[in-house]
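J.: The structure's right below; bear with me while I get my questions together.
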Number of protein chains: 2
Amino acid sequence: MDAARKTPDQVTQRLDELYRRLQDAAASQAGYPCNQLFDYSELYRFLGLSINNVGDPFHNSNFWVNTHEFEREVVNGFAFLMGMEPERCWGYVTHGGTEGNMYGLYLARELYPDGLVYFSEDTHYSVLKTMHILNTRSIMIKSRESGEIDYDDLRETVRIHRDVPGIVLANIGTTMKGAVDDVPRIRGIFRDLAMTDYYIHADAALSGMILPFVEEPQPHRFEDGYHSIAVSGHKMIGAPLPCGIVLAKRDSVARIARAIEYVGVLDTTLSGSRNAFTPLILWYALKRSGLSGFRKAVAAALAVADYAVARFNDNGIPAWRHKNSLTVVFPKPPHSVTEKWQIAVYRDIAHIITMPHVTRATVDAIVADCAAALQQGDCS
Amino acid sequence: MDAARKTPDQVTQRLDELYRRLQDAAASQAGYPCNQLFDYSELYRFLGLSINNVGDPFHNSNFWVNTHEFEREVVNGFAFLMGMEPERCWGYVTHGGTEGNMYGLYLARELYPDGLVYFSEDTHYSVLKTMHILNTRSIMIKSRESGEIDYDDLRETVRIHRDVPGIVLANIGTTMKGAVDDVPRIRGIFRDLAMTDYYIHADAALSGMILPFVEEPQPHRFEDGYHSIAVSGHKMIGAPLPCGIVLAKRDSVARIARAIEYVGVLDTTLSGSRNAFTPLILWYALKRSGLSGFRKAVAAALAVADYAVARFNDNGIPAWRHKNSLTVVFPKPPHSVTEKWQIAVYRDIAHIITMPHVTRATVDAIVADCAAALQQGDCS
């Protein structure tokens, strides 16, 4: 008489079905930046414990069942990648890109409560949601055809509002086209306008784990002018759970820590309870791969991206990609193709992202499907 | 020459040390409401895939590597526990209590943009942080000695501000004392003041999974008058990762969905990428335990709470607990005791929470430590 309860066999059967479905879906996924190649089985034993990283990883707590020590090492590792001395950097492992961007924008708003936020129309939709949640004024700036923010529109718009501090969310790799906003140039706009009160947060969800590992990266380091940066963990690194890292300058965070203490709270993170398993995942990935491992993985994935562009072009499909980007952009194929390969579309374009699990064989199959659709004149 | 990289042995050694430390810490934890008794090993295989529940679990997406189907079953299961027909209920699995409360307060603010938020001084600190993030006006209301909100102070304060909508965060089980705010009485205050624009969000982090399973529960169902409710998954149910559920009335969410669509976003959740593993954890717990399993676990834990109160009292320590609460409150013992058992303190009180992993033997040991400290006159 307990309708909610299922027998162990019934439960296992449902899970088996789900697992098979997810395995197939993961294998055929080429349109989202989620690396499916990883093995964290050495960490599974930690799922037998209720661990929780509540609070600031750099503060002590009397709740001990945490992985703060490993989280600090992850923060320091990412600080190194972004060219920041660990002692000048603060950060934590987030539940994903949204929380990292929200943290950066929250920090900016705390520093400049009357600030106006600017971001390009190619910015990830979750940032719009975040602006709404933070209850902050914002202006969407036009994008160039390349996907970069339109610097002229930004300059003109900031100029009109130069009486209030400016807060820019810059994309280091846009969602659809992998375009990188030029952070030094954005900083230059504020300097030209003699504005000293400005803040730049960088959304480097995917490219934050690509650019540190290439020969000629676009600007992506703290010295290039941003004040905080969010990088995803489940994208290039690969993780079973969404996660990410947010880094900010320690002195900015110290200023808002005081503001928060005023309301009786010492915790400088956004969440209360925080995942203690994802810091282990990121720690494990960093320690096992090392810089050399990521350098190799990035080079291999960029080679597949090059291969994809060439194969599309060989088949008369005008695909292209930005320098140092795994995002291969091409005209939107029919629904049957986007559905089969879980390809994201926006207006008249589509993309595949050659994450490490996307092989040349997968690329061949996608290109063949697109070419077949094109021949049938099925351009939906 | 790759300083970041460690050998597999070095990595394993660090993890082994951590695991031993966490096992010890978990076993001696009596002060936080994190059930340490669970076994989700049947689910570990899903950690071999990059799964992601991005978006609204009730909407379709072309990102298939998700567990939305299981998430919907979890939402419907919790809707049942809170006495709401599934078709009138909307919800999703959150990263924990903070996100659930933020969602409820966000929803309230969207419905009543000029609303004023009221919550008692016994409310969890993360709510203060959330008010700050949401950039919303709020007033902290006094608490009664019991830990409940002071209804007289609430009535007087709301009366003074009856020109603006009222938003109350009610605690169904406060953090320190396990007190339950009387939701029908709070609703009565608004009705008495002839205010029709009000919203009540219930923070039922721990007690939300206790009250549905006892004989004489305090008001905790939708019919009692709240509009949304957040319950934690890693507390009474037990989970290796913080998680929770937020439920709201479907028609309220539909109203804000329109507002969000206006800015081009269809997603009604707070996060972008969302954990797809925690819905499996909650689904598994609900299906394997069923109502009868939780009823048994709650009864057993309440019996241990009773035992703890009796043992403390036998030893001259004035411990007490609220009806249907696992939170046993007693005078703050010295630091050596609070540290050993990871006991949370607030001003001059402390508590232990008899979650399912806290045995009578553990209670005996804690009481003995407290009694010994008392005899030594060491009352810190």
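In the structure tokens, chains take the letters A, B, ... in the order shown, each chain's residues start at 1, and ligands count up from 1 in the order shown.
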Might you pull out every residue within 10 Å of B:Thr136, with only C-alpha atoms counted and same-chain residues fewer than 2 positions away left off, and present them as a list of chain:residue names?

T.: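 The residues satisfying every condition are A:Leu134, A:Asn135, B:Leu105, B:Tyr106, B:Arg109, B:Pro113, B:Asp114, B:Gly115, B:Leu116, B:Val117, B:Thr130, B:Met131, B:His132, B:Ile133, B:Leu134, B:Ser138.
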
J.: Write out as a ChimeraX atom specification each polymer residue whose atoms come within 12 Å of A:Leu47, counting only C-alpha atoms; drop sequence neighbours fewer than 5 positions from it.

T.: /A:40-42,52,275-278,280-281 /B:19,22-23,36-44,47,234,238-242,277-278,281

J.: Report as JSON, numbers by chain all protein, DNA and RNA residues lying within 10 Å of B:Met84, evaluated on only C-alpha atoms, omitting residues in the same chain fewer than 5 positions from it.

T.: {"B": [76, 77, 78, 79, 89, 221, 222, 223, 247, 248, 249]}

J.: Take the residues just selected and output them with N, CA and C atoms as a PDB file, in the first residue's frame.

T.:
ATOM      1  N   ASN B  76       6.950  15.782  -8.660  1.00  0.00           N
ATOM      2  CA  ASN B  76       5.596  15.294  -8.390  1.00  0.00           C
ATOM      3  C   ASN B  76       5.515  14.576  -7.047  1.00  0.00           C
ATOM      4  N   GLY B  77       6.578  13.861  -6.694  1.00  0.00           N
ATOM      5  CA  GLY B  77       6.612  13.177  -5.398  1.00  0.00           C
ATOM      6  C   GLY B  77       6.561  14.164  -4.240  1.00  0.00           C
ATOM      7  N   PHE B  78       7.339  15.231  -4.345  1.00  0.00           N
ATOM      8  CA  PHE B  78       7.331  16.241  -3.290  1.00  0.00           C
ATOM      9  C   PHE B  78       5.999  17.008  -3.279  1.00  0.00           C
ATOM     10  N   ALA B  79       5.437  17.238  -4.452  1.00  0.00           N
ATOM     11  CA  ALA B  79       4.128  17.901  -4.515  1.00  0.00           C
ATOM     12  C   ALA B  79       3.112  17.071  -3.732  1.00  0.00           C
ATOM     13  N   CYS B  89       1.349  22.205  -9.733  1.00  0.00           N
ATOM     14  CA  CYS B  89       2.631  22.450  -9.087  1.00  0.00           C
ATOM     15  C   CYS B  89       3.751  22.499 -10.119  1.00  0.00           C
ATOM     16  N   ARG B 221       1.651  22.175   4.617  1.00  0.00           N
ATOM     17  CA  ARG B 221       1.169  21.860   3.275  1.00  0.00           C
ATOM     18  C   ARG B 221       0.735  23.137   2.548  1.00  0.00           C
ATOM     19  N   PHE B 222       0.682  23.038   1.227  1.00  0.00           N
ATOM     20  CA  PHE B 222       0.288  24.218   0.441  1.00  0.00           C
ATOM     21  C   PHE B 222      -1.027  24.818   0.943  1.00  0.00           C
ATOM     22  N   GLU B 223      -1.975  23.956   1.311  1.00  0.00           N
ATOM     23  CA  GLU B 223      -3.285  24.452   1.757  1.00  0.00           C
ATOM     24  C   GLU B 223      -3.169  25.310   3.026  1.00  0.00           C
ATOM     25  N   LEU B 247       9.340  24.013  -4.820  1.00  0.00           N
ATOM     26  CA  LEU B 247       8.014  23.847  -5.414  1.00  0.00           C
ATOM     27  C   LEU B 247       7.306  25.190  -5.370  1.00  0.00           C
ATOM     28  N   ALA B 248       6.583  25.486  -6.431  1.00  0.00           N
ATOM     29  CA  ALA B 248       5.786  26.710  -6.453  1.00  0.00           C
ATOM     30  C   ALA B 248       4.494  26.420  -7.190  1.00  0.00           C
ATOM     31  N   LYS B 249       3.539  27.339  -7.033  1.00  0.00           N
ATOM     32  CA  LYS B 249       2.283  27.155  -7.761  1.00  0.00           C
ATOM     33  C   LYS B 249       2.532  27.433  -9.235  1.00  0.00           C
TER      34      LYS B 249
END

J.: So that I can see what lies close to B:Phe312, please list as a VMD selection string the residues with an atom at most 12 Å from it, counting only C-alpha atoms and leaving out residues fewer than 3 positions away in the same chain.

T.: chain B and resid 305 to 309 315 to 321 328 to 331 333 351 to 352 363 to 372 374

J.: Residues as selected, N, CA, C and O atoms, written as a short mmCIF file (atom, residue, chain, number, x, y, z; two decimals), in the first residue's frame, can you do that?

T.:
data_model
loop_
_atom_site.label_atom_id
_atom_site.label_comp_id
_atom_site.auth_asym_id
_atom_site.auth_seq_id
_atom_site.Cartn_x
_atom_site.Cartn_y
_atom_site.Cartn_z
N ALA B 305 16.05 11.50 19.41
CA ALA B 305 15.98 12.88 19.93
C ALA B 305 15.40 12.87 21.34
O ALA B 305 15.91 13.56 22.24
N ASP B 306 14.35 12.09 21.53
CA ASP B 306 13.75 11.96 22.87
C ASP B 306 14.77 11.42 23.86
O ASP B 306 14.89 11.89 24.99
N TYR B 307 15.46 10.40 23.42
CA TYR B 307 16.49 9.79 24.26
C TYR B 307 17.55 10.83 24.64
O TYR B 307 17.97 10.92 25.81
N ALA B 308 17.93 11.65 23.68
CA ALA B 308 18.96 12.67 23.95
C ALA B 308 18.48 13.67 24.98
O ALA B 308 19.21 14.01 25.93
N VAL B 309 17.23 14.15 24.83
CA VAL B 309 16.69 15.11 25.80
C VAL B 309 16.71 14.49 27.20
O VAL B 309 17.17 15.11 28.17
N ASN B 315 21.37 14.26 33.38
CA ASN B 315 22.68 14.75 33.80
C ASN B 315 22.66 16.23 34.18
O ASN B 315 23.71 16.89 34.19
N GLY B 316 21.46 16.72 34.44
CA GLY B 316 21.34 18.09 34.94
C GLY B 316 21.53 19.16 33.87
O GLY B 316 21.76 20.33 34.19
N ILE B 317 21.41 18.77 32.62
CA ILE B 317 21.56 19.75 31.54
C ILE B 317 20.18 20.01 30.94
O ILE B 317 19.53 19.08 30.44
N PRO B 318 19.70 21.25 30.99
CA PRO B 318 18.33 21.55 30.56
C PRO B 318 18.18 21.55 29.04
O PRO B 318 18.08 22.60 28.41
N ALA B 319 18.15 20.36 28.47
CA ALA B 319 17.95 20.23 27.02
C ALA B 319 16.45 20.15 26.72
O ALA B 319 15.66 19.72 27.56
N TRP B 320 16.09 20.56 25.54
CA TRP B 320 14.69 20.48 25.12
C TRP B 320 14.64 20.38 23.59
O TRP B 320 15.62 20.65 22.91
N ARG B 321 13.45 20.01 23.10
CA ARG B 321 13.25 20.03 21.64
C ARG B 321 11.80 20.38 21.35
O ARG B 321 10.92 20.17 22.19
N VAL B 328 17.90 19.09 19.18
CA VAL B 328 17.92 19.07 20.65
C VAL B 328 18.77 20.24 21.12
O VAL B 328 19.98 20.29 20.86
N VAL B 329 18.12 21.20 21.79
CA VAL B 329 18.77 22.45 22.17
C VAL B 329 19.23 22.36 23.62
O VAL B 329 18.52 21.84 24.47
N PHE B 330 20.43 22.85 23.90
CA PHE B 330 20.95 22.84 25.28
C PHE B 330 21.95 23.98 25.43
O PHE B 330 22.39 24.56 24.43
N PRO B 331 22.30 24.31 26.68
CA PRO B 331 23.22 25.43 26.88
C PRO B 331 24.58 25.13 26.23
O PRO B 331 25.04 23.99 26.24
N PRO B 333 28.04 24.24 25.39
CA PRO B 333 29.14 23.62 26.14
C PRO B 333 30.47 24.27 25.75
O PRO B 333 30.51 25.09 24.83
N HIS B 351 23.17 23.02 19.76
CA HIS B 351 22.22 21.94 19.47
C HIS B 351 22.96 20.74 18.88
O HIS B 351 24.03 20.87 18.30
N ILE B 352 22.36 19.60 19.10
CA ILE B 352 22.71 18.45 18.27
C ILE B 352 21.44 18.10 17.50
O ILE B 352 20.33 18.46 17.91
N VAL B 363 25.00 9.76 21.31
CA VAL B 363 24.34 10.67 22.26
C VAL B 363 24.96 10.51 23.64
O VAL B 363 25.30 11.50 24.31
N ASP B 364 25.13 9.26 24.06
CA ASP B 364 25.73 9.00 25.38
C ASP B 364 27.10 9.67 25.49
O ASP B 364 27.42 10.30 26.51
N ALA B 365 27.89 9.54 24.45
CA ALA B 365 29.25 10.09 24.49
C ALA B 365 29.21 11.62 24.56
O ALA B 365 29.98 12.25 25.30
N ILE B 366 28.29 12.24 23.80
CA ILE B 366 28.19 13.70 23.82
C ILE B 366 27.73 14.18 25.20
O ILE B 366 28.30 15.12 25.76
N VAL B 367 26.70 13.52 25.72
CA VAL B 367 26.18 13.91 27.02
C VAL B 367 27.27 13.76 28.09
O VAL B 367 27.44 14.64 28.95
N ALA B 368 28.02 12.67 28.01
CA ALA B 368 29.11 12.45 28.98
C ALA B 368 30.13 13.58 28.89
O ALA B 368 30.59 14.10 29.92
N ASP B 369 30.49 13.98 27.67
CA ASP B 369 31.45 15.07 27.50
C ASP B 369 30.91 16.38 28.08
O ASP B 369 31.63 17.14 28.72
N CYS B 370 29.62 16.64 27.83
CA CYS B 370 29.01 17.88 28.34
C CYS B 370 28.96 17.85 29.87
O CYS B 370 29.25 18.86 30.53
N ALA B 371 28.56 16.69 30.41
CA ALA B 371 28.44 16.57 31.86
C ALA B 371 29.81 16.73 32.53
O ALA B 371 29.94 17.42 33.56
N ALA B 372 30.83 16.13 31.92
CA ALA B 372 32.19 16.24 32.46
C ALA B 372 32.64 17.71 32.46
O ALA B 372 33.22 18.20 33.44
N LEU B 374 30.75 20.28 32.58
CA LEU B 374 29.94 21.00 33.56
C LEU B 374 30.51 20.80 34.96
O LEU B 374 30.61 21.74 35.76
#

J.: Using the chain letters and numbers from this document, which residues of stretch 55-214 of chain A does DSSP assign to strand (DSSP E), as a PyMOL selection string?

T.: chain A and resi 89-94+116-120+138-141+166-171+198-203

J.: Skipping near chain neighbours, those fewer than 5 positions away, what residues fall within 7 Å of stretch 53-58 of chain B using only C-alpha atoms, listed as an MDAnalysis selection string?

T.: chainID B and resid 66:68 71:72 92 267:269 272:276

J.: Dump N, CA, C and O atoms for the selected residues as a compact mmCIF listing (two decimals), in the first residue's frame?

T.:
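Final output, again37.txt:
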# COMPACT_ATOMS: atom_id res chain seq x y z
N ASN B 66 20.04 14.41 -20.41
CA ASN B 66 19.49 14.91 -19.15
C ASN B 66 18.65 13.85 -18.45
O ASN B 66 18.36 12.79 -19.00
N THR B 67 18.27 14.18 -17.21
CA THR B 67 17.40 13.29 -16.42
C THR B 67 16.10 14.02 -16.07
O THR B 67 15.55 13.84 -14.98
N HIS B 68 15.63 14.86 -17.00
CA HIS B 68 14.41 15.65 -16.74
C HIS B 68 13.21 14.77 -16.36
O HIS B 68 12.40 15.16 -15.52
N GLU B 71 13.56 13.96 -12.86
CA GLU B 71 13.38 15.19 -12.08
C GLU B 71 11.89 15.52 -11.93
O GLU B 71 11.44 15.91 -10.85
N ARG B 72 11.14 15.35 -13.02
CA ARG B 72 9.69 15.62 -12.93
C ARG B 72 9.03 14.67 -11.93
O ARG B 72 8.15 15.08 -11.18
N TYR B 92 11.70 22.33 -9.38
CA TYR B 92 12.89 21.70 -9.94
C TYR B 92 13.85 21.34 -8.81
O TYR B 92 13.67 21.77 -7.66
N ASP B 267 13.84 29.95 -20.03
CA ASP B 267 14.21 29.13 -18.89
C ASP B 267 13.72 29.77 -17.59
O ASP B 267 14.05 30.91 -17.29
N THR B 268 12.94 29.01 -16.83
CA THR B 268 12.36 29.55 -15.60
C THR B 268 13.12 29.15 -14.35
O THR B 268 12.72 29.46 -13.25
N THR B 269 14.23 28.42 -14.50
CA THR B 269 15.02 28.07 -13.32
C THR B 269 16.04 29.18 -13.05
O THR B 269 16.18 30.10 -13.85
N GLY B 272 21.84 28.04 -15.20
CA GLY B 272 21.91 27.62 -16.59
C GLY B 272 22.06 26.11 -16.58
O GLY B 272 21.07 25.39 -16.47
N SER B 273 23.30 25.65 -16.64
CA SER B 273 23.56 24.22 -16.48
C SER B 273 23.08 23.79 -15.09
O SER B 273 23.27 24.51 -14.12
N ARG B 274 22.44 22.64 -15.04
CA ARG B 274 21.98 22.15 -13.75
C ARG B 274 22.40 20.69 -13.57
O ARG B 274 22.43 19.93 -14.52
N ASN B 275 22.66 20.35 -12.33
CA ASN B 275 23.06 19.01 -11.95
C ASN B 275 21.98 18.00 -12.36
O ASN B 275 20.82 18.15 -12.00
N ALA B 276 22.36 16.96 -13.09
CA ALA B 276 21.41 15.93 -13.50
C ALA B 276 21.55 14.68 -12.65
O ALA B 276 20.76 13.75 -12.77

J.: Counting only C-alpha atoms, which of B:Val93, B:Val11, B:Leu286, B:Ser61 gets nearest to A:Ile343?

T.: B:Ser61

J.: With a distance cut-off of 12 Å and only C-alpha atoms, select the neighbouring residues of B:Ala194, excluding the residue or stretch itself and same-chain residues fewer than 3 positions from it, and output the selection as a list in words.

T.: Val158, Arg159, Arg162, Asp163, Pro165, Gly166, Arg187, Gly188, Ile189, Phe190, Arg191, Asp197 and Tyr198 of chain B

J.: Next, the residues of the selection above should be written as a compact mmCIF listing (two decimals), in the first residue's frame with N, CA, C and O atoms.

T.:
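The result, stored in again26.txt:
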# COMPACT_ATOMS: atom_id res chain seq x y z
N VAL B 158 4.02 44.86 9.56
CA VAL B 158 3.27 44.78 8.29
C VAL B 158 2.21 45.90 8.26
O VAL B 158 2.00 46.55 7.23
N ARG B 159 1.59 46.15 9.41
CA ARG B 159 0.53 47.17 9.48
C ARG B 159 1.07 48.54 9.06
O ARG B 159 0.45 49.28 8.29
N ARG B 162 1.43 48.60 5.22
CA ARG B 162 0.39 47.89 4.48
C ARG B 162 0.11 48.50 3.12
O ARG B 162 -0.69 47.95 2.34
N ASP B 163 0.79 49.60 2.79
CA ASP B 163 0.64 50.18 1.46
C ASP B 163 1.45 49.42 0.40
O ASP B 163 1.25 49.64 -0.79
N PRO B 165 2.94 45.45 -0.93
CA PRO B 165 2.73 44.02 -0.75
C PRO B 165 3.71 43.43 0.27
O PRO B 165 4.84 43.91 0.39
N GLY B 166 3.27 42.43 0.97
CA GLY B 166 4.12 41.78 1.97
C GLY B 166 4.60 40.42 1.49
O GLY B 166 3.83 39.64 0.94
N ARG B 187 -0.73 34.04 7.46
CA ARG B 187 -1.74 34.38 6.45
C ARG B 187 -2.88 35.17 7.08
O ARG B 187 -3.38 36.14 6.51
N GLY B 188 -3.25 34.77 8.32
CA GLY B 188 -4.32 35.47 9.03
C GLY B 188 -4.00 36.94 9.26
O GLY B 188 -4.90 37.79 9.22
N ILE B 189 -2.73 37.24 9.51
CA ILE B 189 -2.34 38.64 9.73
C ILE B 189 -2.63 39.47 8.48
O ILE B 189 -3.19 40.56 8.55
N PHE B 190 -2.26 38.94 7.32
CA PHE B 190 -2.52 39.67 6.07
C PHE B 190 -4.02 39.83 5.85
O PHE B 190 -4.49 40.88 5.43
N ARG B 191 -4.77 38.78 6.15
CA ARG B 191 -6.22 38.85 5.94
C ARG B 191 -6.85 39.88 6.88
O ARG B 191 -7.69 40.67 6.47
N ASP B 197 -2.44 41.47 -1.49
CA ASP B 197 -1.16 41.25 -2.19
C ASP B 197 -0.09 40.82 -1.19
O ASP B 197 0.59 41.64 -0.58
N TYR B 198 0.02 39.52 -1.03
CA TYR B 198 1.07 39.01 -0.15
C TYR B 198 1.54 37.67 -0.68
O TYR B 198 0.87 37.05 -1.52

J.: Could you name the residues that touch B:Ala179 at 8 Å or less, counting only C-alpha atoms, but leaving out those on the same chain fewer than 4 positions away, as number ranges by chain?

T.: B: 146-148, 171-174, 322, 325

J.: As an NGL selection string, please: every residue in stretch 197-371 of chain A that DSSP puts in helix (DSSP H, G or I).

T.: :A and (207-209 or 211-213 or 222-224 or 234-238 or 250-262 or 277-314 or 335-340 or 360-371)

J.: Restricting the calculation to only C-alpha atoms, which member of B:Ser292, B:Thr123, B:Ser207, B:Ser232 is positioned closest to chain A?

T.: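 When distances to chain A are compared using only C-alpha atoms, the smallest one comes from B:Ser292.
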
J.: When distances are computed from only C-alpha atoms, which of A:Arg255, A:His357, A:Arg288, A:His220 shows the smallest separation from chain B?

T.: A:Arg288

J.: Which residue is closest to A:Phe294? Choose from A:Cys243, A:Lys323, A:Gly225, A:Ile237 and count only C-alpha atoms.

T.: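 Looking at the shortest contact to A:Phe294, the residue is A:Ile237.
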
J.: Please determine, counting only C-alpha atoms, which residue among A:Ala25, A:Met176, A:Ala204, A:Val183 has the shortest atom-to-atom distance to chain B.

T.: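 Answer, going by the shortest atom-to-atom distance: A:Ala25.
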
J.: Considering only C-alpha atoms, can you say which of B:Ala230, B:Leu302, B:Ile353, B:Leu154 comes closest to B:Glu121?

T.: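 The answer is B:Leu154, which sits nearest to B:Glu121.
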